[in-house]
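To keep things clear, I will list the structure first and then write my remarks on it.
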Amino acid sequence: MSPFTGTVPHTERWEHLRLTKHDGVATVTLARPEKLNALTFGAYADLRDLLAELSRERSVRALVLAGEGRGFCSGGDVDEIIGATLAMDTAQLLDFNRMTGQVVRALRECPFPVIAAVHGVAAGAGAVIALAADFRVADPSARFAFLFTKVGLSGGDMGAAYLLPRVVGLGHATRLLMLGEPVRAPEAERIGMISEMAEEGRADAQAAELARRLADGPALALAQTKALLTAELDMPLAASVELDAATQALLMNGEDYAEFHAAFTEKRPPKWQGR
């Protein structure tokens with residue numbers, strides 16, 4: 001995303017989520033614990049806009065996405081979204097569904113790694129948001145459920161039919177999206193949905209540790225790796241290796257590449273600048 005800004009001011013307060021930042025690590029917490037962090041129209045819009053704003057700032061080098069209370073996110077609020085959508089016309093429904101997809105695109109396209117710290121339920125949109133993160137650090141209590149067919153809708157919501165087969169394979173994705181049955185942490189780890197199984201009660205802490213490790217790394221190299229992982233999902237091999245070659249040529253002309261050589265020669269840790 002481009003770092004250039006127009007006249008829109010920096011947002012000082014986000015109404016539908018909690019944001020903290022410390023030394024290059026941002027933590028976004030879904031904070032409706034009484035509703036298992038169910039998403040509202042405003043929460044979707046805030047996530048979309050926040051990710052765009054953080055991407056423009058270029059000060060964030062890693063982001064943790066967490067949920068307050070007993071679970072990560074139970075999906076869309078039954079009353080505030082499902083009930084409301086029944087009164088919408090097709091144009092309004094299309095606007096809403098495009099907005100939810102924009103959240104997933106923002107998670108995949110932001111220039112920093114995103115770590116979802118999952119405990120308890122990650123259902124519906126919550127499961128897809130966790131899926132769109134680069135890493136999923138999960139508590140043993142975590143359970144994922146793609147519930148869309150359970151409410152009479154397509155399982156391919158918010159890019160789930162695109163992302164899930166690429167994470168767990170077509171067979172598992174078909175089962176999970178069609179049946180909507182919950183997948184508990186041990187099975188989720190077995191099929192590759194979980195990046196790191198946390199010790200009980202430490203998902204947030206271990207996600208923060210991973211974020212610190214990533215934020216201390218070569219930011220530009222990590223950003224380009226994330227961009228290539230997303231872009232090359234649908235590329236033929238010839239296009240992929242050409243894109244890899246162009247990317248490496250640019251990075252080889254950067255300060256971090258030269259810094260690695262200097263640090264190696266001087267037998268010291270590199271001081272990454274993200275340039």
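In the structure tokens, the first chain shown is A, the next is B, and so on; residue numbers restart at 1 for each chain, and ligands run from 1 in the order shown.
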
Within 12 Å of segment 93-113 of chain A, which residues of segment 123-150 of chain A show up? Give each one with its shortest atom-to-atom distance in Å (one decimal) and the two atoms involved, counting only C-alpha atoms, rows by chain then rising residue number, as JSON lines.
```
{"residue": "A:Gly124", "atom": "CA", "partner": "A:Thr100", "partner_atom": "CA", "distance": 11.6}
{"residue": "A:Ala125", "atom": "CA", "partner": "A:Thr100", "partner_atom": "CA", "distance": 8.4}
{"residue": "A:Gly126", "atom": "CA", "partner": "A:Val104", "partner_atom": "CA", "distance": 10.8}
{"residue": "A:Ala127", "atom": "CA", "partner": "A:Val104", "partner_atom": "CA", "distance": 11.2}
{"residue": "A:Val128", "atom": "CA", "partner": "A:Val104", "partner_atom": "CA", "distance": 7.8}
{"residue": "A:Ile129", "atom": "CA", "partner": "A:Val104", "partner_atom": "CA", "distance": 6.4}
{"residue": "A:Ala130", "atom": "CA", "partner": "A:Val104", "partner_atom": "CA", "distance": 9.5}
{"residue": "A:Leu131", "atom": "CA", "partner": "A:Val104", "partner_atom": "CA", "distance": 9.0}
{"residue": "A:Ala132", "atom": "CA", "partner": "A:Val104", "partner_atom": "CA", "distance": 6.0}
{"residue": "A:Ala133", "atom": "CA", "partner": "A:Leu107", "partner_atom": "CA", "distance": 6.3}
{"residue": "A:Asp134", "atom": "CA", "partner": "A:Pro113", "partner_atom": "CA", "distance": 6.0}
{"residue": "A:Phe135", "atom": "CA", "partner": "A:Pro113", "partner_atom": "CA", "distance": 7.9}
{"residue": "A:Arg136", "atom": "CA", "partner": "A:Pro113", "partner_atom": "CA", "distance": 11.1}
```

Selection above as a file: all heavy atoms, as a PDB file, in the first residue's frame:
```
ATOM      1  N   GLY A 124     -17.162 -18.284  11.860  1.00  0.00           N
ATOM      2  CA  GLY A 124     -17.651 -17.441  10.781  1.00  0.00           C
ATOM      3  C   GLY A 124     -16.597 -16.467  10.315  1.00  0.00           C
ATOM      4  O   GLY A 124     -15.467 -16.839   9.970  1.00  0.00           O
ATOM      5  N   ALA A 125     -16.944 -15.179  10.323  1.00  0.00           N
ATOM      6  CA  ALA A 125     -15.991 -14.159   9.908  1.00  0.00           C
ATOM      7  C   ALA A 125     -14.744 -14.168  10.779  1.00  0.00           C
ATOM      8  O   ALA A 125     -13.636 -13.858  10.302  1.00  0.00           O
ATOM      9  CB  ALA A 125     -16.650 -12.777   9.966  1.00  0.00           C
ATOM     10  N   GLY A 126     -14.880 -14.547  12.053  1.00  0.00           N
ATOM     11  CA  GLY A 126     -13.716 -14.637  12.921  1.00  0.00           C
ATOM     12  C   GLY A 126     -12.727 -15.681  12.446  1.00  0.00           C
ATOM     13  O   GLY A 126     -11.507 -15.481  12.516  1.00  0.00           O
ATOM     14  N   ALA A 127     -13.238 -16.802  11.944  1.00  0.00           N
ATOM     15  CA  ALA A 127     -12.363 -17.848  11.414  1.00  0.00           C
ATOM     16  C   ALA A 127     -11.653 -17.372  10.155  1.00  0.00           C
ATOM     17  O   ALA A 127     -10.468 -17.654   9.944  1.00  0.00           O
ATOM     18  CB  ALA A 127     -13.166 -19.113  11.130  1.00  0.00           C
ATOM     19  N   VAL A 128     -12.370 -16.635   9.292  1.00  0.00           N
ATOM     20  CA  VAL A 128     -11.749 -16.165   8.052  1.00  0.00           C
ATOM     21  C   VAL A 128     -10.701 -15.091   8.343  1.00  0.00           C
ATOM     22  O   VAL A 128      -9.637 -15.061   7.716  1.00  0.00           O
ATOM     23  CB  VAL A 128     -12.805 -15.635   7.064  1.00  0.00           C
ATOM     24  CG1 VAL A 128     -12.142 -15.253   5.744  1.00  0.00           C
ATOM     25  CG2 VAL A 128     -13.878 -16.681   6.800  1.00  0.00           C
ATOM     26  N   ILE A 129     -10.971 -14.218   9.296  1.00  0.00           N
ATOM     27  CA  ILE A 129     -10.002 -13.187   9.659  1.00  0.00           C
ATOM     28  C   ILE A 129      -8.724 -13.838  10.192  1.00  0.00           C
ATOM     29  O   ILE A 129      -7.608 -13.443   9.839  1.00  0.00           O
ATOM     30  CB  ILE A 129     -10.616 -12.211  10.679  1.00  0.00           C
ATOM     31  CG1 ILE A 129     -11.629 -11.299   9.962  1.00  0.00           C
ATOM     32  CG2 ILE A 129      -9.551 -11.386  11.376  1.00  0.00           C
ATOM     33  CD1 ILE A 129     -12.458 -10.443  10.893  1.00  0.00           C
ATOM     34  N   ALA A 130      -8.875 -14.862  11.041  1.00  0.00           N
ATOM     35  CA  ALA A 130      -7.696 -15.586  11.519  1.00  0.00           C
ATOM     36  C   ALA A 130      -6.981 -16.264  10.350  1.00  0.00           C
ATOM     37  O   ALA A 130      -5.739 -16.269  10.278  1.00  0.00           O
ATOM     38  CB  ALA A 130      -8.105 -16.618  12.565  1.00  0.00           C
ATOM     39  N   LEU A 131      -7.732 -16.824   9.434  1.00  0.00           N
ATOM     40  CA  LEU A 131      -7.162 -17.495   8.267  1.00  0.00           C
ATOM     41  C   LEU A 131      -6.368 -16.537   7.394  1.00  0.00           C
ATOM     42  O   LEU A 131      -5.341 -16.914   6.806  1.00  0.00           O
ATOM     43  CB  LEU A 131      -8.297 -18.125   7.450  1.00  0.00           C
ATOM     44  CG  LEU A 131      -7.937 -18.964   6.230  1.00  0.00           C
ATOM     45  CD1 LEU A 131      -7.205 -20.232   6.646  1.00  0.00           C
ATOM     46  CD2 LEU A 131      -9.209 -19.308   5.443  1.00  0.00           C
ATOM     47  N   ALA A 132      -6.818 -15.293   7.308  1.00  0.00           N
ATOM     48  CA  ALA A 132      -6.152 -14.307   6.455  1.00  0.00           C
ATOM     49  C   ALA A 132      -4.868 -13.773   7.070  1.00  0.00           C
ATOM     50  O   ALA A 132      -4.071 -13.134   6.374  1.00  0.00           O
ATOM     51  CB  ALA A 132      -7.105 -13.143   6.167  1.00  0.00           C
ATOM     52  N   ALA A 133      -4.646 -14.012   8.367  1.00  0.00           N
ATOM     53  CA  ALA A 133      -3.399 -13.598   9.005  1.00  0.00           C
ATOM     54  C   ALA A 133      -2.242 -14.421   8.455  1.00  0.00           C
ATOM     55  O   ALA A 133      -2.431 -15.504   7.885  1.00  0.00           O
ATOM     56  CB  ALA A 133      -3.505 -13.753  10.522  1.00  0.00           C
ATOM     57  N   ASP A 134      -1.033 -13.931   8.640  1.00  0.00           N
ATOM     58  CA  ASP A 134       0.145 -14.666   8.186  1.00  0.00           C
ATOM     59  C   ASP A 134       0.499 -15.807   9.122  1.00  0.00           C
ATOM     60  O   ASP A 134       1.044 -16.825   8.698  1.00  0.00           O
ATOM     61  CB  ASP A 134       1.331 -13.702   8.072  1.00  0.00           C
ATOM     62  CG  ASP A 134       1.048 -12.580   7.100  1.00  0.00           C
ATOM     63  OD1 ASP A 134       0.982 -12.851   5.892  1.00  0.00           O
ATOM     64  OD2 ASP A 134       0.851 -11.428   7.547  1.00  0.00           O
ATOM     65  N   PHE A 135       0.214 -15.624  10.403  1.00  0.00           N
ATOM     66  CA  PHE A 135       0.470 -16.647  11.415  1.00  0.00           C
ATOM     67  C   PHE A 135      -0.760 -16.768  12.307  1.00  0.00           C
ATOM     68  O   PHE A 135      -1.419 -15.778  12.588  1.00  0.00           O
ATOM     69  CB  PHE A 135       1.672 -16.262  12.297  1.00  0.00           C
ATOM     70  CG  PHE A 135       2.974 -16.103  11.571  1.00  0.00           C
ATOM     71  CD1 PHE A 135       3.320 -14.872  11.027  1.00  0.00           C
ATOM     72  CD2 PHE A 135       3.863 -17.165  11.451  1.00  0.00           C
ATOM     73  CE1 PHE A 135       4.525 -14.703  10.363  1.00  0.00           C
ATOM     74  CE2 PHE A 135       5.072 -17.011  10.788  1.00  0.00           C
ATOM     75  CZ  PHE A 135       5.404 -15.783  10.246  1.00  0.00           C
ATOM     76  N   ARG A 136      -1.025 -17.993  12.755  1.00  0.00           N
ATOM     77  CA  ARG A 136      -2.078 -18.230  13.727  1.00  0.00           C
ATOM     78  C   ARG A 136      -1.450 -18.938  14.930  1.00  0.00           C
ATOM     79  O   ARG A 136      -1.041 -20.104  14.827  1.00  0.00           O
ATOM     80  CB  ARG A 136      -3.206 -19.087  13.122  1.00  0.00           C
ATOM     81  CG  ARG A 136      -4.136 -18.319  12.225  1.00  0.00           C
ATOM     82  CD  ARG A 136      -4.879 -19.203  11.236  1.00  0.00           C
ATOM     83  NE  ARG A 136      -3.964 -19.877  10.311  1.00  0.00           N
ATOM     84  CZ  ARG A 136      -3.372 -19.280   9.267  1.00  0.00           C
ATOM     85  NH1 ARG A 136      -3.602 -17.999   9.025  1.00  0.00           N
ATOM     86  NH2 ARG A 136      -2.544 -19.950   8.479  1.00  0.00           N
TER      87      ARG A 136
END
```

Could you write out, as a VMD selection string, all the residues of segment 105-206 of chain A that DSSP marks as alpha helix (DSSP H)?
chain A and resid 105 to 109 125 to 132 160 to 168 170 to 179 185 to 190 203 to 206

State, in Å with one decimal place, the distance from atom CA of Arg190 of chain A to atom CA of Leu228 of chain A.
25.6 Å

Show me a table, sorted first by chain and then by increasing residue number, of the residues of segment 195-231 of chain A having an atom at most 12 Å from segment 157-173 of chain A, each with its shortest atom pair and the distance in Å to one decimal, counting only C-alpha atoms and written as JSON lines.
```
{"residue": "A:Ser195", "atom": "CA", "partner": "A:Val167", "partner_atom": "CA", "distance": 10.3}
{"residue": "A:Leu229", "atom": "CA", "partner": "A:Arg166", "partner_atom": "CA", "distance": 11.0}
{"residue": "A:Thr230", "atom": "CA", "partner": "A:Leu163", "partner_atom": "CA", "distance": 10.0}
```

Could those residues be written to a file, using N, CA, C and O atoms, as a PDB file, in the first residue's frame?
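Below is the file again13.pdb, written as the result:
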```pdb
ATOM      1  N   SER A 195      -0.270 -22.190  13.007  1.00  0.00           N
ATOM      2  CA  SER A 195       1.161 -22.010  12.794  1.00  0.00           C
ATOM      3  C   SER A 195       1.965 -22.410  14.022  1.00  0.00           C
ATOM      4  O   SER A 195       3.066 -22.949  13.915  1.00  0.00           O
ATOM      5  N   LEU A 229       4.233 -14.125  -1.519  1.00  0.00           N
ATOM      6  CA  LEU A 229       3.393 -15.265  -1.144  1.00  0.00           C
ATOM      7  C   LEU A 229       1.952 -15.065  -1.607  1.00  0.00           C
ATOM      8  O   LEU A 229       1.288 -16.005  -2.063  1.00  0.00           O
ATOM      9  N   THR A 230       1.460 -13.846  -1.488  1.00  0.00           N
ATOM     10  CA  THR A 230       0.091 -13.561  -1.923  1.00  0.00           C
ATOM     11  C   THR A 230       0.000 -13.488  -3.440  1.00  0.00           C
ATOM     12  O   THR A 230      -0.878 -14.098  -4.057  1.00  0.00           O
TER      13      THR A 230
END
```

Quick one: of A:Arg275, A:Arg61, A:His119, A:Arg184, who's nearest to Asp216 of chain A, counting only C-alpha atoms?
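Of A:Arg275, A:Arg61, A:His119, A:Arg184, the one nearest Asp216 of chain A, counting only C-alpha atoms, is A:Arg61.
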
I need the residue nearest Ile115 of chain A from this list: A:Arg58, A:His22, A:Arg213, A:Lys35. Use only C-alpha atoms for the distance.
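Closest residue, counting only C-alpha atoms: A:Arg213.
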
Within 10 Å of Gly69 of chain A using only C-alpha atoms, minus same-chain residues under 4 positions, as a PyMOL selection string
chain A and resi 30-37+73+119-120

For Pro218 of chain A, which of A:Glu187, A:Asp244, A:Glu15, A:Glu259 is the closest residue, counting only C-alpha atoms?
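Of A:Glu187, A:Asp244, A:Glu15, A:Glu259, the one nearest Pro218 of chain A, counting only C-alpha atoms, is A:Glu259.
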
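One finds atom CA of Asp139 of chain A at 7.9 Å from atom CA of Ala117 of chain A.
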
For each of A:Ser154, A:Thr5, A:Thr40, A:Ser59, take the minimum atom-to-atom distance to Asp23 of chain A, counting only C-alpha atoms, then give the residue where this is smallest.
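Of A:Ser154, A:Thr5, A:Thr40, A:Ser59, the one nearest Asp23 of chain A, counting only C-alpha atoms, is A:Ser59.
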
Distance in Å - atom CA of Ala123 of chain A versus atom CA of Gly76 of chain A:
8.8 Å

Test item: residues at most 7 Å from segment 174-180 of chain A, only C-alpha atoms, excluding those fewer than 2 positions along its chain, as a PyMOL selection string
chain A and resi 145-150+155+170-172+182

Atoms kept (all heavy atoms) for selection, written as a PDB file, in the first residue's frame:
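Everything below was put into part_23.pdb:
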```pdb
ATOM      1  N   ALA A 145     -14.544 -22.530  13.177  1.00  0.00           N
ATOM      2  CA  ALA A 145     -15.770 -23.027  12.544  1.00  0.00           C
ATOM      3  C   ALA A 145     -16.187 -22.050  11.443  1.00  0.00           C
ATOM      4  O   ALA A 145     -16.405 -20.868  11.719  1.00  0.00           O
ATOM      5  CB  ALA A 145     -16.890 -23.189  13.567  1.00  0.00           C
ATOM      6  N   PHE A 146     -16.272 -22.559  10.233  1.00  0.00           N
ATOM      7  CA  PHE A 146     -16.721 -21.759   9.083  1.00  0.00           C
ATOM      8  C   PHE A 146     -18.213 -22.034   8.922  1.00  0.00           C
ATOM      9  O   PHE A 146     -18.625 -22.961   8.227  1.00  0.00           O
ATOM     10  CB  PHE A 146     -15.914 -22.142   7.838  1.00  0.00           C
ATOM     11  CG  PHE A 146     -14.435 -21.885   8.011  1.00  0.00           C
ATOM     12  CD1 PHE A 146     -13.619 -22.853   8.576  1.00  0.00           C
ATOM     13  CD2 PHE A 146     -13.880 -20.676   7.625  1.00  0.00           C
ATOM     14  CE1 PHE A 146     -12.259 -22.618   8.748  1.00  0.00           C
ATOM     15  CE2 PHE A 146     -12.523 -20.425   7.796  1.00  0.00           C
ATOM     16  CZ  PHE A 146     -11.711 -21.402   8.359  1.00  0.00           C
ATOM     17  N   LEU A 147     -19.026 -21.209   9.570  1.00  0.00           N
ATOM     18  CA  LEU A 147     -20.435 -21.521   9.807  1.00  0.00           C
ATOM     19  C   LEU A 147     -21.383 -21.053   8.706  1.00  0.00           C
ATOM     20  O   LEU A 147     -22.592 -21.126   8.884  1.00  0.00           O
ATOM     21  CB  LEU A 147     -20.870 -20.871  11.133  1.00  0.00           C
ATOM     22  CG  LEU A 147     -20.156 -21.365  12.392  1.00  0.00           C
ATOM     23  CD1 LEU A 147     -20.594 -20.531  13.595  1.00  0.00           C
ATOM     24  CD2 LEU A 147     -20.449 -22.834  12.634  1.00  0.00           C
ATOM     25  N   PHE A 148     -20.880 -20.585   7.595  1.00  0.00           N
ATOM     26  CA  PHE A 148     -21.729 -19.884   6.624  1.00  0.00           C
ATOM     27  C   PHE A 148     -22.868 -20.761   6.094  1.00  0.00           C
ATOM     28  O   PHE A 148     -23.993 -20.300   5.946  1.00  0.00           O
ATOM     29  CB  PHE A 148     -20.864 -19.347   5.493  1.00  0.00           C
ATOM     30  CG  PHE A 148     -19.719 -18.501   5.996  1.00  0.00           C
ATOM     31  CD1 PHE A 148     -18.411 -18.964   5.944  1.00  0.00           C
ATOM     32  CD2 PHE A 148     -19.952 -17.268   6.580  1.00  0.00           C
ATOM     33  CE1 PHE A 148     -17.360 -18.212   6.431  1.00  0.00           C
ATOM     34  CE2 PHE A 148     -18.915 -16.501   7.078  1.00  0.00           C
ATOM     35  CZ  PHE A 148     -17.607 -16.973   7.007  1.00  0.00           C
ATOM     36  N   THR A 149     -22.593 -22.033   5.796  1.00  0.00           N
ATOM     37  CA  THR A 149     -23.691 -22.880   5.303  1.00  0.00           C
ATOM     38  C   THR A 149     -24.711 -23.152   6.395  1.00  0.00           C
ATOM     39  O   THR A 149     -25.866 -23.455   6.093  1.00  0.00           O
ATOM     40  CB  THR A 149     -23.160 -24.219   4.750  1.00  0.00           C
ATOM     41  OG1 THR A 149     -22.467 -24.935   5.785  1.00  0.00           O
ATOM     42  CG2 THR A 149     -22.222 -23.990   3.571  1.00  0.00           C
ATOM     43  N   LYS A 150     -24.325 -23.033   7.655  1.00  0.00           N
ATOM     44  CA  LYS A 150     -25.244 -23.257   8.768  1.00  0.00           C
ATOM     45  C   LYS A 150     -26.339 -22.198   8.810  1.00  0.00           C
ATOM     46  O   LYS A 150     -27.400 -22.429   9.414  1.00  0.00           O
ATOM     47  CB  LYS A 150     -24.490 -23.252  10.098  1.00  0.00           C
ATOM     48  CG  LYS A 150     -23.472 -24.369  10.258  1.00  0.00           C
ATOM     49  CD  LYS A 150     -24.126 -25.694  10.556  1.00  0.00           C
ATOM     50  CE  LYS A 150     -23.100 -26.730  10.956  1.00  0.00           C
ATOM     51  NZ  LYS A 150     -23.727 -28.042  11.252  1.00  0.00           N
ATOM     52  N   GLY A 155     -20.409 -21.255   1.710  1.00  0.00           N
ATOM     53  CA  GLY A 155     -19.213 -21.383   2.536  1.00  0.00           C
ATOM     54  C   GLY A 155     -18.060 -20.538   2.038  1.00  0.00           C
ATOM     55  O   GLY A 155     -17.093 -20.305   2.766  1.00  0.00           O
ATOM     56  N   LEU A 170      -7.491 -28.899  -0.576  1.00  0.00           N
ATOM     57  CA  LEU A 170      -8.874 -28.878  -1.067  1.00  0.00           C
ATOM     58  C   LEU A 170      -9.783 -29.825  -0.297  1.00  0.00           C
ATOM     59  O   LEU A 170     -10.934 -29.496  -0.005  1.00  0.00           O
ATOM     60  CB  LEU A 170      -8.900 -29.220  -2.556  1.00  0.00           C
ATOM     61  CG  LEU A 170     -10.280 -29.233  -3.226  1.00  0.00           C
ATOM     62  CD1 LEU A 170     -10.949 -27.866  -3.124  1.00  0.00           C
ATOM     63  CD2 LEU A 170     -10.159 -29.668  -4.681  1.00  0.00           C
ATOM     64  N   GLY A 171      -9.290 -31.013   0.056  1.00  0.00           N
ATOM     65  CA  GLY A 171     -10.141 -31.983   0.743  1.00  0.00           C
ATOM     66  C   GLY A 171     -10.621 -31.480   2.092  1.00  0.00           C
ATOM     67  O   GLY A 171     -11.822 -31.507   2.387  1.00  0.00           O
ATOM     68  N   HIS A 172      -9.699 -31.019   2.908  1.00  0.00           N
ATOM     69  CA  HIS A 172     -10.089 -30.491   4.219  1.00  0.00           C
ATOM     70  C   HIS A 172     -10.947 -29.236   4.068  1.00  0.00           C
ATOM     71  O   HIS A 172     -11.914 -29.050   4.800  1.00  0.00           O
ATOM     72  CB  HIS A 172      -8.844 -30.164   5.043  1.00  0.00           C
ATOM     73  CG  HIS A 172      -8.079 -31.360   5.506  1.00  0.00           C
ATOM     74  ND1 HIS A 172      -8.653 -32.388   6.223  1.00  0.00           N
ATOM     75  CD2 HIS A 172      -6.768 -31.710   5.337  1.00  0.00           C
ATOM     76  CE1 HIS A 172      -7.750 -33.306   6.495  1.00  0.00           C
ATOM     77  NE2 HIS A 172      -6.589 -32.919   5.979  1.00  0.00           N
ATOM     78  N   PRO A 182     -17.085 -27.529  13.771  1.00  0.00           N
ATOM     79  CA  PRO A 182     -15.923 -26.933  14.435  1.00  0.00           C
ATOM     80  C   PRO A 182     -14.692 -27.824  14.360  1.00  0.00           C
ATOM     81  O   PRO A 182     -14.794 -29.054  14.381  1.00  0.00           O
ATOM     82  CB  PRO A 182     -16.387 -26.763  15.890  1.00  0.00           C
ATOM     83  CG  PRO A 182     -17.491 -27.763  16.057  1.00  0.00           C
ATOM     84  CD  PRO A 182     -18.166 -27.869  14.726  1.00  0.00           C
TER      85      PRO A 182
END
```

Given the choices A:Leu50, A:Gly274, A:Arg212, A:Ala43, which gets closest to Glu12 of chain A if the distance is worked out from only C-alpha atoms?
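Closest to Glu12 of chain A of all the choices is A:Leu50.
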
According to DSSP computed on the backbone, where in segment 170-260 of chain A is there strand (DSSP E or B)? Give the residues as a ChimeraX atom specification.
/A:183-184,196-197

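When only C-alpha atoms are used to measure the gap to Tyr44 of chain A, the shortest distance among A:Ala84, A:Asp77, A:Val64, A:Lys21 belongs to A:Asp77.
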
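Residues lying within 12 Å of Gly254 of chain A, counting only C-alpha atoms and ignoring same-chain neighbours fewer than 6 positions away, are Pro218, Ala219, Leu220, Ala221, Thr247, Gln248, Phe260, His261, Trp272, Gln273, Gly274 and Arg275 of chain A.
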